Structure formats: C-alpha cells, structure tokens
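Below is model-v8.cif, holding mmCIF, N, CA and C atoms.
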```cif
data_protein
#
loop_
_atom_site.label_atom_id
_atom_site.label_comp_id
_atom_site.auth_asym_id
_atom_site.auth_seq_id
_atom_site.Cartn_x
_atom_site.Cartn_y
_atom_site.Cartn_z
N MET K 162 -10.62 17.27 -3.76
CA MET K 162 -11.94 16.92 -4.25
C MET K 162 -12.41 17.97 -5.25
N ALA K 163 -13.28 17.56 -6.13
CA ALA K 163 -13.87 18.47 -7.08
C ALA K 163 -14.95 19.28 -6.40
N THR K 164 -15.22 20.44 -6.94
CA THR K 164 -16.27 21.30 -6.39
C THR K 164 -17.31 21.59 -7.45
N CYS K 165 -18.50 21.87 -6.99
CA CYS K 165 -19.61 22.20 -7.89
C CYS K 165 -19.36 23.58 -8.49
N ALA K 166 -19.60 23.71 -9.78
CA ALA K 166 -19.40 25.00 -10.45
C ALA K 166 -20.44 26.02 -10.03
N THR K 167 -21.60 25.58 -9.57
CA THR K 167 -22.67 26.50 -9.19
C THR K 167 -22.57 26.96 -7.74
N CYS K 168 -22.46 26.01 -6.80
CA CYS K 168 -22.51 26.36 -5.38
C CYS K 168 -21.18 26.18 -4.66
N SER K 169 -20.15 25.67 -5.34
CA SER K 169 -18.82 25.42 -4.77
C SER K 169 -18.82 24.37 -3.67
N GLY K 170 -19.83 23.51 -3.63
CA GLY K 170 -19.87 22.41 -2.68
C GLY K 170 -18.95 21.29 -3.13
N GLU K 171 -18.41 20.56 -2.17
CA GLU K 171 -17.51 19.45 -2.51
C GLU K 171 -18.31 18.28 -3.08
N LEU K 172 -17.78 17.67 -4.14
CA LEU K 172 -18.45 16.58 -4.83
C LEU K 172 -17.71 15.27 -4.62
N ALA K 173 -18.44 14.22 -4.34
CA ALA K 173 -17.86 12.88 -4.28
C ALA K 173 -17.76 12.33 -5.70
N PRO K 174 -16.80 11.45 -5.97
CA PRO K 174 -16.62 10.95 -7.34
C PRO K 174 -17.83 10.21 -7.90
N GLU K 175 -18.62 9.56 -7.04
CA GLU K 175 -19.75 8.76 -7.54
C GLU K 175 -21.02 9.58 -7.77
N TRP K 176 -21.03 10.83 -7.40
CA TRP K 176 -22.23 11.65 -7.55
C TRP K 176 -22.42 12.09 -8.99
N ARG K 177 -23.67 12.01 -9.46
CA ARG K 177 -23.99 12.52 -10.79
C ARG K 177 -24.66 13.88 -10.69
N PHE K 178 -25.16 14.23 -9.49
CA PHE K 178 -25.75 15.54 -9.23
C PHE K 178 -25.19 16.08 -7.93
N CYS K 179 -25.10 17.41 -7.84
CA CYS K 179 -24.65 18.04 -6.61
C CYS K 179 -25.76 17.90 -5.57
N VAL K 180 -25.42 17.39 -4.39
CA VAL K 180 -26.43 17.19 -3.35
C VAL K 180 -26.82 18.51 -2.69
N PHE K 181 -26.07 19.56 -2.93
CA PHE K 181 -26.35 20.84 -2.30
C PHE K 181 -27.28 21.71 -3.15
N CYS K 182 -27.07 21.70 -4.48
CA CYS K 182 -27.89 22.58 -5.32
C CYS K 182 -28.64 21.84 -6.43
N GLY K 183 -28.31 20.55 -6.68
CA GLY K 183 -29.02 19.77 -7.68
C GLY K 183 -28.49 19.89 -9.09
N THR K 184 -27.41 20.62 -9.30
CA THR K 184 -26.83 20.78 -10.62
C THR K 184 -26.18 19.46 -11.06
N ALA K 185 -26.33 19.14 -12.35
CA ALA K 185 -25.71 17.93 -12.89
C ALA K 185 -24.19 18.10 -12.86
N VAL K 186 -23.53 17.05 -12.46
CA VAL K 186 -22.06 17.07 -12.38
C VAL K 186 -21.51 16.71 -13.75
N THR K 187 -20.57 17.49 -14.21
CA THR K 187 -19.95 17.22 -15.51
C THR K 187 -18.97 16.06 -15.37
N PRO K 188 -18.72 15.32 -16.43
CA PRO K 188 -17.77 14.20 -16.35
C PRO K 188 -16.37 14.66 -15.96
N THR K 189 -15.98 15.88 -16.34
CA THR K 189 -14.64 16.35 -15.98
C THR K 189 -14.52 16.58 -14.48
N ALA K 190 -15.59 17.05 -13.85
CA ALA K 190 -15.55 17.26 -12.40
C ALA K 190 -15.44 15.92 -11.68
N ALA K 191 -16.14 14.91 -12.18
CA ALA K 191 -16.07 13.59 -11.57
C ALA K 191 -14.67 12.99 -11.77
N ALA K 192 -14.08 13.21 -12.94
CA ALA K 192 -12.74 12.71 -13.21
C ALA K 192 -11.71 13.41 -12.33
N GLU K 193 -11.90 14.71 -12.08
CA GLU K 193 -10.99 15.44 -11.20
C GLU K 193 -11.06 14.89 -9.79
N ALA K 194 -12.25 14.59 -9.33
CA ALA K 194 -12.42 14.06 -7.98
C ALA K 194 -11.77 12.68 -7.86
N GLU K 195 -11.90 11.87 -8.89
CA GLU K 195 -11.30 10.53 -8.87
C GLU K 195 -9.79 10.61 -8.94
N ALA K 196 -9.26 11.53 -9.74
CA ALA K 196 -7.81 11.67 -9.88
C ALA K 196 -7.19 12.24 -8.60
N ALA K 197 -7.95 13.02 -7.85
CA ALA K 197 -7.42 13.64 -6.65
C ALA K 197 -7.32 12.66 -5.49
N ALA K 198 -8.01 11.55 -5.56
CA ALA K 198 -7.97 10.57 -4.48
C ALA K 198 -6.59 9.92 -4.43
N PRO K 199 -5.92 9.96 -3.28
CA PRO K 199 -4.58 9.37 -3.19
C PRO K 199 -4.63 7.85 -3.25
N ALA K 200 -3.57 7.28 -3.78
CA ALA K 200 -3.47 5.82 -3.84
C ALA K 200 -3.28 5.29 -2.42
N ARG K 201 -3.82 4.11 -2.16
CA ARG K 201 -3.74 3.56 -0.82
C ARG K 201 -2.42 2.80 -0.65
N VAL K 202 -2.03 2.64 0.61
CA VAL K 202 -0.84 1.86 0.93
C VAL K 202 -1.21 0.38 0.90
N ASN K 203 -0.38 -0.40 0.28
CA ASN K 203 -0.64 -1.83 0.18
C ASN K 203 -0.63 -2.47 1.56
N PRO K 204 -1.73 -3.13 1.95
CA PRO K 204 -1.79 -3.72 3.29
C PRO K 204 -0.84 -4.91 3.47
N ILE K 205 -0.51 -5.60 2.41
CA ILE K 205 0.43 -6.72 2.51
C ILE K 205 1.83 -6.20 2.85
N ALA K 206 2.17 -5.00 2.37
CA ALA K 206 3.47 -4.41 2.70
C ALA K 206 3.54 -4.10 4.20
N ILE K 207 2.45 -3.66 4.76
CA ILE K 207 2.42 -3.36 6.19
C ILE K 207 2.55 -4.65 7.00
N ILE K 208 1.85 -5.69 6.57
CA ILE K 208 1.96 -6.99 7.24
C ILE K 208 3.39 -7.51 7.16
N ALA K 209 4.01 -7.35 6.00
CA ALA K 209 5.39 -7.81 5.82
C ALA K 209 6.33 -7.05 6.76
N LEU K 210 6.12 -5.76 6.93
CA LEU K 210 6.98 -4.99 7.82
C LEU K 210 6.80 -5.41 9.27
N VAL K 211 5.57 -5.67 9.66
CA VAL K 211 5.31 -6.14 11.03
C VAL K 211 5.99 -7.49 11.26
N LEU K 212 5.88 -8.38 10.30
CA LEU K 212 6.53 -9.69 10.42
C LEU K 212 8.05 -9.54 10.48
N ALA K 213 8.60 -8.62 9.71
CA ALA K 213 10.04 -8.41 9.70
C ALA K 213 10.52 -7.84 11.03
N CYS K 214 9.72 -6.97 11.63
CA CYS K 214 10.10 -6.38 12.92
C CYS K 214 9.99 -7.39 14.05
N VAL K 215 9.02 -8.27 13.98
CA VAL K 215 8.85 -9.29 15.00
C VAL K 215 9.97 -10.33 14.86
N GLY K 216 10.46 -10.49 13.67
CA GLY K 216 11.55 -11.43 13.45
C GLY K 216 11.10 -12.68 12.77
N GLY K 217 10.76 -12.57 11.54
CA GLY K 217 10.32 -13.77 10.86
C GLY K 217 10.72 -13.77 9.40
N ALA K 218 11.16 -14.93 8.95
CA ALA K 218 11.48 -15.09 7.54
C ALA K 218 10.24 -15.02 6.64
N PRO K 219 9.00 -15.22 7.18
CA PRO K 219 7.84 -15.06 6.31
C PRO K 219 7.70 -13.65 5.74
N ALA K 220 8.43 -12.70 6.31
CA ALA K 220 8.42 -11.35 5.76
C ALA K 220 8.94 -11.35 4.32
N LEU K 221 9.80 -12.31 4.00
CA LEU K 221 10.29 -12.45 2.62
C LEU K 221 9.14 -12.68 1.65
N VAL K 222 8.31 -13.64 1.98
CA VAL K 222 7.21 -13.99 1.09
C VAL K 222 6.24 -12.83 0.97
N PHE K 223 5.83 -12.27 2.11
CA PHE K 223 4.89 -11.17 2.09
C PHE K 223 5.48 -9.94 1.40
N GLY K 224 6.77 -9.70 1.60
CA GLY K 224 7.42 -8.56 0.95
C GLY K 224 7.43 -8.69 -0.57
N HIS K 225 7.73 -9.88 -1.05
CA HIS K 225 7.74 -10.09 -2.50
C HIS K 225 6.33 -10.01 -3.09
N ILE K 226 5.36 -10.54 -2.38
CA ILE K 226 3.97 -10.44 -2.84
C ILE K 226 3.54 -8.98 -2.89
N ALA K 227 3.89 -8.22 -1.86
CA ALA K 227 3.52 -6.80 -1.82
C ALA K 227 4.19 -6.03 -2.95
N LEU K 228 5.44 -6.31 -3.23
CA LEU K 228 6.13 -5.61 -4.33
C LEU K 228 5.44 -5.89 -5.67
N ARG K 229 5.03 -7.13 -5.88
CA ARG K 229 4.34 -7.45 -7.13
C ARG K 229 3.00 -6.73 -7.23
N GLN K 230 2.23 -6.74 -6.12
CA GLN K 230 0.93 -6.06 -6.12
C GLN K 230 1.08 -4.56 -6.32
N ILE K 231 2.09 -3.97 -5.69
CA ILE K 231 2.32 -2.53 -5.82
C ILE K 231 2.64 -2.17 -7.27
N LYS K 232 3.42 -3.01 -7.91
CA LYS K 232 3.77 -2.75 -9.31
C LYS K 232 2.55 -2.89 -10.22
N GLN K 233 1.71 -3.88 -9.96
CA GLN K 233 0.54 -4.12 -10.80
C GLN K 233 -0.55 -3.09 -10.58
N ASN K 234 -0.81 -2.73 -9.31
CA ASN K 234 -1.95 -1.88 -8.98
C ASN K 234 -1.59 -0.42 -8.77
N HIS K 235 -0.31 -0.08 -8.91
CA HIS K 235 0.17 1.30 -8.73
C HIS K 235 -0.21 1.85 -7.36
N GLU K 236 -0.01 1.01 -6.34
CA GLU K 236 -0.30 1.42 -4.97
C GLU K 236 0.97 2.02 -4.34
N ARG K 237 0.79 2.60 -3.17
CA ARG K 237 1.92 3.12 -2.42
C ARG K 237 2.45 2.02 -1.50
N GLY K 238 3.65 2.24 -0.93
CA GLY K 238 4.19 1.29 0.03
C GLY K 238 5.37 0.50 -0.48
N ARG K 239 5.98 0.93 -1.59
CA ARG K 239 7.10 0.18 -2.15
C ARG K 239 8.28 0.17 -1.19
N THR K 240 8.56 1.31 -0.56
CA THR K 240 9.68 1.39 0.37
C THR K 240 9.44 0.48 1.58
N ILE K 241 8.21 0.46 2.06
CA ILE K 241 7.86 -0.41 3.19
C ILE K 241 8.10 -1.87 2.81
N ALA K 242 7.66 -2.25 1.62
CA ALA K 242 7.83 -3.63 1.17
C ALA K 242 9.31 -3.98 0.98
N LEU K 243 10.09 -3.03 0.47
CA LEU K 243 11.53 -3.28 0.29
C LEU K 243 12.23 -3.46 1.63
N ILE K 244 11.91 -2.61 2.59
CA ILE K 244 12.52 -2.73 3.91
C ILE K 244 12.15 -4.07 4.54
N ALA K 245 10.90 -4.46 4.42
CA ALA K 245 10.46 -5.74 4.98
C ALA K 245 11.16 -6.90 4.30
N THR K 246 11.34 -6.82 3.01
CA THR K 246 12.01 -7.90 2.27
C THR K 246 13.47 -8.02 2.69
N VAL K 247 14.16 -6.89 2.80
CA VAL K 247 15.57 -6.92 3.22
C VAL K 247 15.69 -7.46 4.64
N LEU K 248 14.82 -7.00 5.54
CA LEU K 248 14.84 -7.52 6.91
C LEU K 248 14.53 -9.02 6.94
N GLY K 249 13.66 -9.46 6.06
CA GLY K 249 13.37 -10.89 5.96
C GLY K 249 14.60 -11.69 5.56
N TYR K 250 15.39 -11.15 4.61
CA TYR K 250 16.63 -11.82 4.22
C TYR K 250 17.63 -11.82 5.37
N VAL K 251 17.68 -10.73 6.13
CA VAL K 251 18.58 -10.67 7.28
C VAL K 251 18.18 -11.74 8.31
N TRP K 252 16.90 -11.85 8.61
CA TRP K 252 16.44 -12.87 9.55
C TRP K 252 16.74 -14.27 9.03
N LEU K 253 16.59 -14.48 7.74
CA LEU K 253 16.88 -15.79 7.16
C LEU K 253 18.37 -16.12 7.33
N ALA K 254 19.24 -15.14 7.12
CA ALA K 254 20.68 -15.35 7.30
C ALA K 254 21.01 -15.64 8.76
N VAL K 255 20.37 -14.92 9.68
CA VAL K 255 20.61 -15.15 11.11
C VAL K 255 20.18 -16.57 11.50
N VAL K 256 19.04 -17.00 11.04
CA VAL K 256 18.56 -18.34 11.35
C VAL K 256 19.50 -19.39 10.77
N PHE K 257 19.97 -19.16 9.56
CA PHE K 257 20.89 -20.10 8.92
C PHE K 257 22.20 -20.20 9.70
N VAL K 258 22.75 -19.06 10.11
CA VAL K 258 24.00 -19.06 10.88
C VAL K 258 23.81 -19.77 12.21
N LEU K 259 22.70 -19.51 12.89
CA LEU K 259 22.43 -20.17 14.16
C LEU K 259 22.28 -21.68 14.00
N LEU K 260 21.60 -22.10 12.94
CA LEU K 260 21.44 -23.54 12.69
C LEU K 260 22.78 -24.22 12.43
N VAL K 261 23.63 -23.56 11.65
CA VAL K 261 24.95 -24.13 11.36
C VAL K 261 25.79 -24.22 12.62
N ARG K 262 25.73 -23.18 13.45
CA ARG K 262 26.54 -23.17 14.69
C ARG K 262 26.06 -24.25 15.67
N PHE K 263 24.74 -24.39 15.81
CA PHE K 263 24.21 -25.40 16.72
C PHE K 263 24.43 -26.81 16.17
N ALA K 264 24.43 -26.96 14.87
CA ALA K 264 24.66 -28.28 14.27
C ALA K 264 26.11 -28.71 14.48
N ASN K 265 27.02 -27.75 14.53
CA ASN K 265 28.44 -28.06 14.73
C ASN K 265 28.84 -28.05 16.20
N GLY K 266 27.90 -27.87 17.09
CA GLY K 266 28.18 -27.91 18.52
C GLY K 266 28.79 -26.63 19.06
N LEU K 267 28.41 -25.51 18.50
CA LEU K 267 28.90 -24.19 18.91
C LEU K 267 30.37 -24.16 18.70
#
```

With the file now loaded, output its structure as structure tokens.
Amino acid sequence: MATCATCSGELAPEWRFCVFCGTAVTPTAAAEAEAAAPARVNPIAIIALVLACVGGAPALVFGHIALRQIKQNHERGRTIALIATVLGYVWLAVVFVLLVRFANGL
C-alpha cells in the first residue's frame, strides 16, 4: 500500500486525502496503491477445479471459460484452470471408455 508523505499512514487507492493528517494525496501515491494490489484468482477456475475433482466433464467447459477470462482480464489462476481442463478431458475419456465397454457387453 502507498503511504502518506506527511504522516506515513497507509492510504487506500480511492482516498483523495489522508484520513490521518488531511494532506492531499498525490496521483502517484494513489497509482502506487492501485498497482500494489494483487490480481485476484479467477473464481471460475476454482469452480472448474472443484468440478474436476468431484469427477465431471463440465470441468472442461468451466476450465476453458476460465482460461479465456484469465487471458482477457489478466487475473491469476491459469494453472488451476489448466489442471481442471486436463482433468475434465480425463473424465471425458473415462466416461467414453465406460460407455463403449457397456455398449459392447463388457
């Protein structure tokens, strides 16, 4: 977080004045505070991973959606989305193999 040049108090990005001493916040201090905020993890990637762990091919759809959103919004969670997508493909292959085996009478 950015700090006030006068009192060294921590500044939130949306503040235009320091709440501790009343000094006007410079645009560079506000930009520093905004740049210091970490990017959030994409929630769709987390949902995709949960679906993949439970065992569902819908993890494929959610994984691909999460990868697209992560690329567009520069969010974190790409590895989570990739793992979920790969696990979704594995589940899809397992379901396909089971369907073929049951269709042929084991």

Given the PyMOL selection byres ((chain K and resi 218) around 6), the residues it picks as a ChimeraX atom specification | /K:216-217,219-222,249,252-253

Restricting the output to N, CA and C atoms, write the selected residues as a PDB file, in the coordinates of the input.
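Contents of again.pdb, as written:
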```pdb
ATOM      1  N   GLY K 216      10.460 -10.490  13.670  1.00  0.00           N
ATOM      2  CA  GLY K 216      11.550 -11.430  13.450  1.00  0.00           C
ATOM      3  C   GLY K 216      11.100 -12.680  12.770  1.00  0.00           C
ATOM      4  N   GLY K 217      10.760 -12.570  11.540  1.00  0.00           N
ATOM      5  CA  GLY K 217      10.320 -13.770  10.860  1.00  0.00           C
ATOM      6  C   GLY K 217      10.720 -13.770   9.400  1.00  0.00           C
ATOM      7  N   PRO K 219       9.000 -15.220   7.180  1.00  0.00           N
ATOM      8  CA  PRO K 219       7.840 -15.060   6.310  1.00  0.00           C
ATOM      9  C   PRO K 219       7.700 -13.650   5.740  1.00  0.00           C
ATOM     10  N   ALA K 220       8.430 -12.700   6.310  1.00  0.00           N
ATOM     11  CA  ALA K 220       8.420 -11.350   5.760  1.00  0.00           C
ATOM     12  C   ALA K 220       8.940 -11.350   4.320  1.00  0.00           C
ATOM     13  N   LEU K 221       9.800 -12.310   4.000  1.00  0.00           N
ATOM     14  CA  LEU K 221      10.290 -12.450   2.620  1.00  0.00           C
ATOM     15  C   LEU K 221       9.140 -12.680   1.650  1.00  0.00           C
ATOM     16  N   VAL K 222       8.310 -13.640   1.980  1.00  0.00           N
ATOM     17  CA  VAL K 222       7.210 -13.990   1.090  1.00  0.00           C
ATOM     18  C   VAL K 222       6.240 -12.830   0.970  1.00  0.00           C
ATOM     19  N   GLY K 249      13.660  -9.460   6.060  1.00  0.00           N
ATOM     20  CA  GLY K 249      13.370 -10.890   5.960  1.00  0.00           C
ATOM     21  C   GLY K 249      14.600 -11.690   5.560  1.00  0.00           C
ATOM     22  N   TRP K 252      16.900 -11.850   8.610  1.00  0.00           N
ATOM     23  CA  TRP K 252      16.440 -12.870   9.550  1.00  0.00           C
ATOM     24  C   TRP K 252      16.740 -14.270   9.030  1.00  0.00           C
ATOM     25  N   LEU K 253      16.590 -14.480   7.740  1.00  0.00           N
ATOM     26  CA  LEU K 253      16.880 -15.790   7.160  1.00  0.00           C
ATOM     27  C   LEU K 253      18.370 -16.120   7.330  1.00  0.00           C
TER      28      LEU K 253
END
```

DSSP strand (DSSP E or B) residues within chain K, listed as a list of chain:residue names | K:Ala163, K:Thr164, K:Glu171, K:Leu172, K:Phe178, K:Ala185, K:Val202, K:Arg237

Between K:Leu212, K:Ile226, K:Ala200, K:Cys168, which is the closest to Phe181 of chain K once you count only N, CA and C atoms?
->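 Smallest separation from Phe181 of chain K among the options: K:Cys168.
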
List the residues matched by the PyMOL selection byres ((chain K and resi 209) around 6.5) in the displayed structure as a count of residues only, ordered by chain and then by residue number.
-> 16

If I wrap all listed atoms of segment 210-226 of chain K in a box with edges along x, y and z and add 6 Å on each side, what are its centre and edge lengths in Å to one decimal, as JSON?
```
{"center_x": 7.5, "center_y": -10.1, "center_z": 6.0, "size_x": 20.0, "size_y": 22.2, "size_z": 30.1}
```

Residues picked by the PyMOL selection byres (((chain K and resi 165 and name CA) around 9) and name CA) here, as a PyMOL selection string?
-> chain K and resi 163-164+166-172+179+181-182+184-186+190

Now that the selection is made, can you save its residues with N, CA and C atoms as an mmCIF file, in the coordinates of the input?
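Resulting contents of part_30.cif:
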```
data_model
loop_
_atom_site.group_PDB
_atom_site.id
_atom_site.type_symbol
_atom_site.label_atom_id
_atom_site.label_comp_id
_atom_site.auth_asym_id
_atom_site.auth_seq_id
_atom_site.Cartn_x
_atom_site.Cartn_y
_atom_site.Cartn_z
ATOM 1 N N ALA K 163 -13.280 17.560 -6.130
ATOM 2 C CA ALA K 163 -13.870 18.470 -7.080
ATOM 3 C C ALA K 163 -14.950 19.280 -6.400
ATOM 4 N N THR K 164 -15.220 20.440 -6.940
ATOM 5 C CA THR K 164 -16.270 21.300 -6.390
ATOM 6 C C THR K 164 -17.310 21.590 -7.450
ATOM 7 N N ALA K 166 -19.600 23.710 -9.780
ATOM 8 C CA ALA K 166 -19.400 25.000 -10.450
ATOM 9 C C ALA K 166 -20.440 26.020 -10.030
ATOM 10 N N THR K 167 -21.600 25.580 -9.570
ATOM 11 C CA THR K 167 -22.670 26.500 -9.190
ATOM 12 C C THR K 167 -22.570 26.960 -7.740
ATOM 13 N N CYS K 168 -22.460 26.010 -6.800
ATOM 14 C CA CYS K 168 -22.510 26.360 -5.380
ATOM 15 C C CYS K 168 -21.180 26.180 -4.660
ATOM 16 N N SER K 169 -20.150 25.670 -5.340
ATOM 17 C CA SER K 169 -18.820 25.420 -4.770
ATOM 18 C C SER K 169 -18.820 24.370 -3.670
ATOM 19 N N GLY K 170 -19.830 23.510 -3.630
ATOM 20 C CA GLY K 170 -19.870 22.410 -2.680
ATOM 21 C C GLY K 170 -18.950 21.290 -3.130
ATOM 22 N N GLU K 171 -18.410 20.560 -2.170
ATOM 23 C CA GLU K 171 -17.510 19.450 -2.510
ATOM 24 C C GLU K 171 -18.310 18.280 -3.080
ATOM 25 N N LEU K 172 -17.780 17.670 -4.140
ATOM 26 C CA LEU K 172 -18.450 16.580 -4.830
ATOM 27 C C LEU K 172 -17.710 15.270 -4.620
ATOM 28 N N CYS K 179 -25.100 17.410 -7.840
ATOM 29 C CA CYS K 179 -24.650 18.040 -6.610
ATOM 30 C C CYS K 179 -25.760 17.900 -5.570
ATOM 31 N N PHE K 181 -26.070 19.560 -2.930
ATOM 32 C CA PHE K 181 -26.350 20.840 -2.300
ATOM 33 C C PHE K 181 -27.280 21.710 -3.150
ATOM 34 N N CYS K 182 -27.070 21.700 -4.480
ATOM 35 C CA CYS K 182 -27.890 22.580 -5.320
ATOM 36 C C CYS K 182 -28.640 21.840 -6.430
ATOM 37 N N THR K 184 -27.410 20.620 -9.300
ATOM 38 C CA THR K 184 -26.830 20.780 -10.620
ATOM 39 C C THR K 184 -26.180 19.460 -11.060
ATOM 40 N N ALA K 185 -26.330 19.140 -12.350
ATOM 41 C CA ALA K 185 -25.710 17.930 -12.890
ATOM 42 C C ALA K 185 -24.190 18.100 -12.860
ATOM 43 N N VAL K 186 -23.530 17.050 -12.460
ATOM 44 C CA VAL K 186 -22.060 17.070 -12.380
ATOM 45 C C VAL K 186 -21.510 16.710 -13.750
ATOM 46 N N ALA K 190 -15.590 17.050 -13.850
ATOM 47 C CA ALA K 190 -15.550 17.260 -12.400
ATOM 48 C C ALA K 190 -15.440 15.920 -11.680
#
```

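Rounded to one decimal, atom CA of Gly238 of chain K and atom CA of Tyr250 of chain K lie 18.6 Å from each other.
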
Residue list (helix (DSSP H, G or I), DSSP) for segment 163-265 of chain K, as JSON, numbers by chain | {"K": [188, 189, 190, 191, 192, 193, 194, 195, 196, 197, 204, 205, 206, 207, 208, 209, 210, 211, 212, 213, 214, 215, 219, 220, 221, 222, 223, 224, 225, 226, 227, 228, 229, 230, 231, 232, 233, 234, 239, 240, 241, 242, 243, 244, 245, 246, 247, 248, 249, 250, 251, 252, 253, 254, 255, 256, 257, 258, 259, 260, 261, 262, 263, 264]}

Provide the atom N of Leu228 of chain K to atom N of Ile244 of chain K distance in Å, to one decimal place.
-> 9.5 Å

Which distance in Å separates atom C of Val202 of chain K and atom C of Trp176 of chain K, to one decimal?
-> 26.2 Å

Quick one: everything within 8 Å of segment 231-235 of chain K, counting all atoms listed in the file, minus sequence neighbours fewer than 4 positions away in the same chain. Send it as a list in words.
->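 My list of contacting residues is Ala200, Arg201, Asn203, His225, Ile226, Ala227 and Arg239 of chain K.
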